[in-house]
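Quick look at start-v2.cif (mmCIF, C-alpha atoms and all ligand atoms):
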data_run
#
loop_
_atom_site.label_atom_id
_atom_site.label_comp_id
_atom_site.auth_asym_id
_atom_site.auth_seq_id
_atom_site.Cartn_x
_atom_site.Cartn_y
_atom_site.Cartn_z
CA MET A 1 -2.39 -29.45 0.56
CA ALA A 2 0.37 -29.51 -2.02
CA ALA A 3 3.71 -30.86 -0.94
CA THR A 4 6.43 -28.28 -0.30
CA ASN A 5 8.41 -29.51 -3.31
CA ASN A 6 5.45 -28.61 -5.51
CA LEU A 7 6.50 -24.98 -5.96
CA VAL A 8 4.05 -22.68 -7.68
CA ASN A 9 5.59 -20.09 -9.97
CA LEU A 10 3.94 -17.37 -12.09
CA GLU A 11 3.51 -19.62 -15.09
CA LYS A 12 1.72 -22.20 -12.95
CA ILE A 13 -0.56 -19.51 -11.46
CA ALA A 14 -1.47 -18.28 -14.95
CA GLN A 15 -2.15 -21.84 -16.05
CA LEU A 16 -4.33 -22.60 -13.01
CA LEU A 17 -6.35 -19.41 -13.51
CA ASP A 18 -6.63 -19.75 -17.30
CA GLY A 19 -4.87 -16.41 -17.29
CA GLN A 20 -2.21 -14.41 -19.01
CA ILE A 21 0.99 -12.98 -17.56
CA ILE A 22 0.90 -9.28 -18.49
CA THR A 23 4.31 -8.67 -16.93
CA ASP A 24 6.66 -10.73 -14.79
CA ALA A 25 8.46 -7.47 -13.95
CA GLY A 26 11.79 -9.05 -14.82
CA ASN A 27 11.47 -12.00 -12.45
CA PRO A 28 9.70 -14.97 -14.11
CA ASP A 29 10.88 -17.50 -11.51
CA ARG A 30 9.29 -16.04 -8.40
CA ILE A 31 7.53 -18.59 -6.20
CA ILE A 32 4.11 -17.81 -4.75
CA GLU A 33 3.40 -19.23 -1.29
CA GLY A 34 0.58 -17.08 0.10
CA ALA A 35 -2.33 -15.05 -1.19
CA PHE A 36 -5.04 -12.59 -0.16
CA ALA A 37 -8.19 -11.57 -2.02
CA SER A 38 -9.72 -8.12 -1.59
CA ASP A 39 -10.99 -5.01 -3.34
CA LEU A 40 -10.34 -2.99 -0.22
CA MET A 41 -6.86 -1.48 -0.27
CA SER A 42 -7.35 -0.18 3.31
CA ASP A 43 -7.44 -3.83 4.39
CA VAL A 44 -4.54 -4.97 2.20
CA LEU A 45 -2.35 -2.31 3.85
CA THR A 46 -2.86 -3.92 7.28
CA LEU A 47 -1.57 -7.37 6.26
CA PRO A 48 1.33 -8.67 8.34
CA THR A 49 2.74 -10.85 5.55
CA LYS A 50 5.17 -9.95 2.75
CA HIS A 51 5.60 -11.47 -0.73
CA LEU A 52 1.94 -12.31 -1.20
CA LEU A 53 -0.16 -12.67 -4.31
CA LEU A 54 -3.15 -10.29 -4.33
CA LEU A 55 -6.38 -11.23 -6.10
CA THR A 56 -8.48 -8.16 -6.80
CA GLY A 57 -11.18 -6.75 -9.03
CA LEU A 58 -10.07 -3.19 -8.31
CA VAL A 59 -8.24 -1.98 -11.38
CA ASN A 60 -6.55 1.33 -10.70
CA ILE A 61 -3.11 2.75 -10.09
CA GLN A 62 -3.63 2.63 -6.31
CA ALA A 63 -3.85 -1.16 -6.41
CA ILE A 64 -0.27 -1.16 -7.76
CA ARG A 65 0.83 1.48 -5.24
CA THR A 66 -0.69 -0.52 -2.39
CA ALA A 67 1.17 -3.62 -3.60
CA GLU A 68 4.38 -1.62 -3.79
CA MET A 69 4.12 -0.39 -0.18
CA SER A 70 3.03 -3.81 1.17
CA ASP A 71 5.81 -5.77 -0.61
CA ILE A 72 3.24 -7.78 -2.58
CA ASP A 73 4.92 -9.76 -5.38
CA CYS A 74 2.07 -10.38 -7.81
CA ILE A 75 -1.42 -9.05 -8.55
CA VAL A 76 -4.07 -11.12 -10.30
CA PHE A 77 -6.85 -8.98 -11.77
CA VAL A 78 -9.95 -11.14 -12.00
CA ARG A 79 -12.94 -11.06 -14.38
CA ASN A 80 -10.68 -9.96 -17.25
CA LYS A 81 -10.38 -6.42 -16.01
CA LYS A 82 -7.60 -4.88 -18.10
CA VAL A 83 -4.73 -2.89 -16.67
CA THR A 84 -3.65 0.37 -18.30
CA VAL A 85 -0.18 1.05 -19.75
CA GLU A 86 0.44 3.42 -16.84
CA MET A 87 -0.30 0.59 -14.38
CA THR A 88 1.96 -1.87 -16.22
CA ASN A 89 4.77 0.67 -16.29
CA LEU A 90 4.49 1.27 -12.56
CA ALA A 91 4.39 -2.49 -11.92
CA ASN A 92 7.56 -2.98 -13.96
CA GLU A 93 9.28 -0.14 -12.17
CA THR A 94 8.38 -1.53 -8.75
CA GLY A 95 8.91 -5.23 -9.51
CA ILE A 96 5.30 -6.40 -9.28
CA ALA A 97 4.07 -9.15 -11.61
CA ILE A 98 0.60 -8.80 -13.16
CA ILE A 99 -1.72 -11.58 -14.32
CA HIS A 100 -5.16 -11.29 -15.94
CA SER A 101 -7.69 -14.04 -15.28
CA PRO A 102 -11.21 -14.44 -16.66
CA PHE A 103 -12.35 -16.19 -13.46
CA SER A 104 -14.33 -14.60 -10.62
CA MET A 105 -12.61 -13.80 -7.35
CA TYR A 106 -14.44 -16.74 -5.77
CA LYS A 107 -13.33 -19.26 -8.38
CA ALA A 108 -9.76 -17.97 -8.61
CA SER A 109 -9.41 -18.02 -4.80
CA GLY A 110 -10.77 -21.56 -4.60
CA ILE A 111 -8.38 -22.85 -7.23
CA LEU A 112 -5.31 -21.27 -5.63
CA TYR A 113 -6.35 -22.48 -2.18
CA GLN A 114 -6.70 -25.99 -3.53
CA ALA A 115 -3.25 -25.72 -5.14
CA GLY A 116 -1.77 -25.20 -1.67
CA ILE A 117 -1.34 -21.43 -1.73
CA LYS A 118 -1.66 -20.37 1.89
CA PRO A 119 -4.20 -17.85 3.20
CA VAL A 120 -3.10 -14.97 5.44
CA TYR A 121 -5.75 -15.53 8.09
CA MET B 1 19.03 14.43 4.34
CA HIS B 2 15.98 16.55 3.77
CA PHE B 3 13.31 16.20 1.07
CA GLU B 4 10.07 18.04 0.42
CA TYR B 5 7.09 17.04 -1.66
CA HIS B 6 3.71 18.52 -2.53
CA VAL B 7 0.44 16.62 -2.54
CA GLU B 8 -2.71 17.65 -4.38
CA GLY B 9 -6.07 16.90 -2.78
CA GLY B 10 -8.33 14.73 -4.92
CA ASN B 11 -5.55 13.63 -7.28
CA PHE B 12 -5.61 9.86 -6.86
CA SER B 13 -3.37 9.19 -9.85
CA GLN B 14 -0.49 10.86 -7.99
CA ALA B 15 -1.24 9.43 -4.52
CA GLY B 16 1.72 7.37 -3.38
CA PHE B 17 4.37 9.20 -5.37
CA THR B 18 6.07 10.52 -2.24
CA SER B 19 5.86 7.15 -0.49
CA SER B 20 7.46 5.54 -3.53
CA GLN B 21 10.32 8.05 -3.55
CA VAL B 22 10.93 7.53 0.16
CA LYS B 23 10.94 3.75 -0.32
CA LYS B 24 13.62 4.06 -3.03
CA THR B 25 15.75 6.31 -0.83
CA LEU B 26 15.54 4.00 2.20
CA LYS B 27 16.44 1.00 0.02
CA GLN B 28 19.51 2.84 -1.29
CA LEU B 29 20.49 3.53 2.32
CA ASN B 30 20.23 -0.22 3.07
CA VAL B 31 17.66 0.29 5.81
CA ASP B 32 16.16 -2.94 7.23
CA GLY B 33 13.35 -4.22 4.98
CA ASP B 34 10.77 -4.45 7.77
CA VAL B 35 11.49 -0.87 8.87
CA ILE B 36 11.10 0.28 5.26
CA ARG B 37 7.78 -1.53 4.95
CA ARG B 38 6.41 -0.08 8.21
CA THR B 39 7.55 3.41 7.25
CA VAL B 40 6.14 3.48 3.74
CA ILE B 41 2.83 1.91 4.81
CA ALA B 42 2.37 4.60 7.50
CA LEU B 43 3.43 7.32 5.05
CA TYR B 44 1.23 6.02 2.23
CA GLU B 45 -1.82 5.96 4.55
CA ALA B 46 -1.08 9.57 5.54
CA GLU B 47 -0.47 10.60 1.93
CA VAL B 48 -3.73 9.01 0.78
CA ASN B 49 -5.51 10.79 3.65
CA ILE B 50 -4.38 14.16 2.28
CA VAL B 51 -5.57 13.18 -1.20
CA ALA B 52 -8.87 11.79 0.14
CA HIS B 53 -9.73 14.31 2.85
CA ALA B 54 -7.77 17.58 2.36
CA TYR B 55 -7.19 20.24 -0.33
CA LYS B 56 -3.42 20.20 -0.53
CA GLY B 57 -0.42 19.36 1.57
CA LYS B 58 3.33 19.38 2.04
CA ILE B 59 5.43 16.42 3.10
CA ALA B 60 8.82 17.03 4.67
CA VAL B 61 11.11 14.04 5.15
CA ASP B 62 14.23 14.11 7.32
CA ILE B 63 16.62 11.19 7.49
CA ASP B 64 19.50 10.99 9.95
CA PRO B 65 21.61 7.97 10.94
CA GLU B 66 19.13 6.79 13.60
CA LYS B 67 15.70 7.59 12.25
CA ILE B 68 13.33 8.94 9.64
CA SER B 69 10.98 11.80 10.58
CA ILE B 70 8.10 12.66 8.30
CA LEU B 71 5.91 15.74 8.72
CA LEU B 72 2.72 15.93 6.67
CA ASP B 73 1.09 19.34 6.82
CA ASP B 74 -2.16 19.89 4.97
CA GLU B 75 -4.72 22.58 4.29
CA GLY B 76 -8.13 21.04 4.66
CA PRO B 77 -11.21 20.62 6.83
CA GLY B 78 -9.23 19.31 9.82
CA ILE B 79 -10.35 16.54 12.18
CA PRO B 80 -12.89 17.58 14.86
CA ASP B 81 -12.32 14.56 17.13
CA ILE B 82 -8.97 12.85 16.60
CA GLN B 83 -9.65 10.10 19.15
CA LYS B 84 -12.83 9.15 17.33
CA ALA B 85 -11.10 9.34 13.95
CA MET B 86 -8.49 6.84 15.22
CA GLU B 87 -11.22 4.23 15.82
CA VAL B 88 -11.31 1.47 13.22
CA GLY B 89 -14.38 1.93 11.04
CA TYR B 90 -14.81 5.67 11.53
CA SER B 91 -14.69 7.34 8.12
CA THR B 92 -16.10 10.39 6.38
CA ALA B 93 -14.76 9.25 3.00
CA THR B 94 -16.84 10.13 -0.06
CA PRO B 95 -18.22 7.49 -2.44
CA GLN B 96 -15.45 8.44 -4.93
CA VAL B 97 -12.80 7.65 -2.31
CA ARG B 98 -14.47 4.30 -1.57
CA GLU B 99 -14.49 3.47 -5.26
CA MET B 100 -10.72 3.85 -5.24
CA GLY B 101 -10.47 1.05 -2.64
CA PHE B 102 -10.16 3.28 0.43
CA GLY B 103 -12.42 4.76 3.07
CA ALA B 104 -12.79 1.88 5.53
CA GLY B 105 -11.65 3.98 8.47
CA MET B 106 -8.59 1.80 9.00
CA GLY B 107 -5.79 4.18 8.01
CA LEU B 108 -5.06 6.10 11.22
CA SER B 109 -4.90 2.97 13.38
CA ASN B 110 -2.71 1.30 10.75
CA MET B 111 -0.41 4.34 10.85
CA LYS B 112 -0.14 3.91 14.60
CA ASN B 113 0.71 0.21 14.21
CA ASN B 114 3.42 0.98 11.67
CA SER B 115 5.20 3.86 13.36
CA ASP B 116 7.37 4.18 16.47
CA ARG B 117 5.91 7.62 17.12
CA LEU B 118 2.78 9.19 15.68
CA ASP B 119 1.56 12.69 16.54
CA ILE B 120 -1.56 14.23 15.05
CA ASP B 121 -2.61 17.86 15.45
CA SER B 122 -5.58 19.35 13.72
CA VAL B 123 -7.44 22.65 13.56
CA VAL B 124 -10.96 22.44 12.21
CA GLY B 125 -11.34 24.60 9.10
CA LYS B 126 -7.57 24.97 8.68
CA GLY B 127 -5.77 21.68 8.38
CA THR B 128 -4.00 18.69 9.86
CA ARG B 129 -0.38 17.96 10.81
CA VAL B 130 0.83 14.41 11.11
CA MET B 131 4.29 13.48 12.38
CA ILE B 132 5.64 9.97 11.87
CA ILE B 133 8.97 8.86 13.35
CA ASN B 134 10.56 5.46 12.79
CA TYR B 135 13.94 4.30 14.11
CA PHE B 136 16.25 2.27 11.91
CA ASN B 137 17.49 -0.04 14.61
CA PRO B 138 14.60 -2.50 15.00
CA THR B 139 15.74 -3.65 18.45
CA ARG B 140 15.06 -0.18 19.88
N1 LIG C 201 -5.64 14.74 6.60
C1 LIG C 201 -6.93 14.70 7.00
N2 LIG C 201 -7.73 15.79 6.89
C2 LIG C 201 -9.02 15.75 7.29
N3 LIG C 201 -9.61 14.66 7.82
C3 LIG C 201 -8.86 13.55 7.96
C4 LIG C 201 -7.49 13.50 7.57
N4 LIG C 201 -7.02 12.27 7.84
C5 LIG C 201 -8.04 11.59 8.38
N5 LIG C 201 -9.16 12.35 8.47
C6 LIG C 201 -10.47 11.98 9.04
O1 LIG C 201 -10.31 10.82 9.85
C7 LIG C 201 -11.12 9.75 9.34
C8 LIG C 201 -10.42 8.43 9.58
O2 LIG C 201 -9.20 8.37 8.82
P1 LIG C 201 -8.62 6.94 8.41
O3 LIG C 201 -7.39 7.16 7.61
O4 LIG C 201 -8.49 6.11 9.64
O5 LIG C 201 -9.79 6.32 7.53
P2 LIG C 201 -10.22 6.68 6.04
O6 LIG C 201 -9.17 7.50 5.39
O7 LIG C 201 -11.59 7.26 6.08
O8 LIG C 201 -10.29 5.23 5.37
P3 LIG C 201 -9.03 4.27 5.05
O9 LIG C 201 -7.81 4.90 5.66
O10 LIG C 201 -9.37 2.95 5.64
O11 LIG C 201 -8.92 4.22 3.58
C9 LIG C 201 -11.33 10.11 7.88
O12 LIG C 201 -12.47 9.48 7.34
C10 LIG C 201 -11.49 11.62 7.97
O13 LIG C 201 -12.76 11.96 8.48
MG MG C 202 -7.15 6.86 5.46
#

Any chance you could give the structure as structure tokens?
Ligand SMILES: Nc1ncnc2c1ncn2[C@@H]1O[C@H](COP(=O)(O)OP(=O)(O)OP(=O)(O)O)[C@@H](O)[C@H]1O
Ligand SMILES: [Mg+2]
Amino acid sequence: MAATNNLVNLEKIAQLLDGQIITDAGNPDRIIEGAFASDLMSDVLTLPTKHLLLLTGLVNIQAIRTAEMSDIDCIVFVRNKKVTVEMTNLANETGIAIIHSPFSMYKASGILYQAGIKPVY
Amino acid sequence: MHFEYHVEGGNFSQAGFTSSQVKKTLKQLNVDGDVIRRTVIALYEAEVNIVAHAYKGKIAVDIDPEKISILLDDEGPGIPDIQKAMEVGYSTATPQVREMGFGAGMGLSNMKNNSDRLDIDSVVGKGTRVMIINYFNPTR
């Protein structure tokens, strides 16, 4: 596990996932400590933890809405699935960062886990 | 304070609009962050249920110094067996709803977990009424 002084910010996440920050929603310095990976928003809504990063392949406006209600800080859309302008606007409005990654959910999860990002369960 | 909103069945692009408005209002009122999160998660589940399962609905929100009360009243098929519908995994969601990332049959029990009071009334063939009450003082 990474030492606690090895803080992972958005830039580091993008670098680890060979990705691109689509928006930092006005907060480039946020630190990511925990993550969850799912395409099932029903499940995301039951999480007990706030300020998570969500890895998902589900690209629609409800993924952003679900993040908004659950106090999720950042969404990584895997497999290069592109967000729409409407989704980016809503993310900016609600303070949610968005990153695109070409990696699969499996690979992206493995890399973040190895970097010391904590799982929820 | 009293607010009213309308929800269109089947319109997933608008689902969550009311929950988002309520979240903004509660933030402005400096309500405790955990209470806000519980409230908007319960409300969002209920709002998505109208979009996913009913034809149209009204949401009435009342905020007083102690609590927020939310009444969701929809016209739709109703729920024949509410107890069964509350069970995790029970869902009649269509494939379109599942494609949107919902329809796992987890919403009603999650609403219960995120509200201080939850009342559900339903008439088959007419519609469903859901009442959510959350208190602002978390020690209550
Ligand atoms: N407003 C409603 N009108 C009609 N039926 C409803 C309504 N809300 C819930 N139901 C019925 O209760 C079932 C269970 O609801 P619940 O919210 O727990 O799960 P879901 O909506 O199917 O999936 P999920 O909430 O996990 O996305 C639904 O599948 C549906 O049959
Ligand atoms: Mg539901």

>> For a quick test of understanding: name the residues of chain A lying within 9 Å of chain B when counting all atoms listed in the file, and present them as an MDAnalysis selection string.
In response: chainID A and resid 39:43 45:46 58:63 65:66 68:71 94

>> Need the shell around Tyr135 (chain B): protein/DNA/RNA residues with any atom at most 8 Å away, counting all atoms listed in the file. Skip same-chain ones fewer than 4 positions apart. Format as a ChimeraX atom specification?
In response: /B:35,66-68,116,140

Could you give me, as a Markdown table, a per-residue list for chain B showing, wherever an atom lies at most 6 Å from an atom of ligand LIG 201 (chain C), the closest pair of atoms and their distance in Å to one decimal, using all atoms listed in the file and sorting by chain then residue number from low to high?
| residue | atom | partner | partner_atom | distance |
| --- | --- | --- | --- | --- |
| B:Asn49 | CA | C:LIG201 | N4 | 4.7 |
| B:Ile50 | CA | C:LIG201 | N1 | 4.5 |
| B:His53 | CA | C:LIG201 | C2 | 4.7 |
| B:Ala54 | CA | C:LIG201 | N2 | 4.9 |
| B:Gly76 | CA | C:LIG201 | N2 | 5.7 |
| B:Pro77 | CA | C:LIG201 | C2 | 5.4 |
| B:Gly78 | CA | C:LIG201 | C2 | 4.4 |
| B:Ile79 | CA | C:LIG201 | N3 | 4.8 |
| B:Ala85 | CA | C:LIG201 | O1 | 4.4 |
| B:Met86 | CA | C:LIG201 | O4 | 5.6 |
| B:Tyr90 | CA | C:LIG201 | C8 | 5.5 |
| B:Ser91 | CA | C:LIG201 | O12 | 3.2 |
| B:Thr92 | CA | C:LIG201 | O12 | 3.9 |
| B:Ala93 | CA | C:LIG201 | O7 | 4.8 |
| B:Phe102 | CA | C:LIG201 | O11 | 3.5 |
| B:Gly103 | CA | C:LIG201 | O8 | 3.2 |
| B:Ala104 | CA | C:LIG201 | O10 | 3.6 |
| B:Gly105 | CA | C:LIG201 | O5 | 3.1 |
| B:Met106 | CA | C:LIG201 | O10 | 3.6 |
| B:Gly107 | CA | C:LIG201 | O9 | 3.2 |
| B:Leu108 | CA | C:LIG201 | O4 | 3.8 |
| B:Thr128 | CA | C:LIG201 | N1 | 5.4 |

>> Can you pull out the residues contacting Thr23 (chain A)? Cut-off 12 Å, using all atoms listed in the file, and skip same-chain residues under 5 positions away; I want them as a VMD selection string.
In response: chain A and resid 10 to 11 14 28 73 to 76 83 85 87 to 100

> So how many Å separate CA of Ser69 (chain B) and CA of Val97 (chain B), to one decimal?
Replying inline: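 Atom-to-atom, CA of Ser69 (chain B) to CA of Val97 (chain B), that is 27.4 Å.
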
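Considering all atoms listed in the file, the residue among B:Val61, B:Ala52, B:Met131, B:Ile120 positioned nearest to ligand MG 202 (chain C) is B:Ala52.
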
> How far is it from CA of Val8 (chain A) to CA of Lys82 (chain A), in Å with one decimal?
Replying inline: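 Atom-to-atom, CA of Val8 (chain A) to CA of Lys82 (chain A), that is 23.7 Å.
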
>> When you look at Leu52 (chain A) with a cut-off of 7 Å (counting only C-alpha atoms), what residues show up, excluding the ones that are within fewer than 3 positions of it in the same chain? I need them as a PyMOL selection string.
In response: chain A and resi 32+34-35+49+72-74

>> Between B:Pro80, B:Ile70, B:Gly10, B:Pro65, which residue has the minimum interatomic distance to Val123 (chain B), considering only C-alpha atoms?
In response: B:Pro80

> Hey, what's within 12 Å of region 106-113 of chain A if we count only C-alpha atoms and toss same-chain stuff fewer than 6 positions away? As a ChimeraX atom specification, please?
Replying inline: /A:1-2,8-10,12-19,32-38,53-57,76-80,99-100,119-120

> Suppose you want the space between CA of Ile21 (chain A) and CA of Ile117 (chain A); what is it in Å?
Replying inline: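 Taking CA of Ile21 (chain A) as the start and CA of Ile117 (chain A) as the end point, the length is 18.1 Å.
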
> Hey, which of B:Ile133, B:Leu71, B:Ile63, B:Val51 ends up closest to ligand MG 202 (chain C)? Count all atoms listed in the file.
Replying inline: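 Once distances to ligand MG 202 (chain C) are computed over all atoms listed in the file, the minimum belongs to B:Val51.
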
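You can rank B:Gly89, B:Gln83, B:Asp73, B:Ala46 by their closest distance to Lys126 (chain B) using all atoms listed in the file, and at the top of that list sits B:Asp73.
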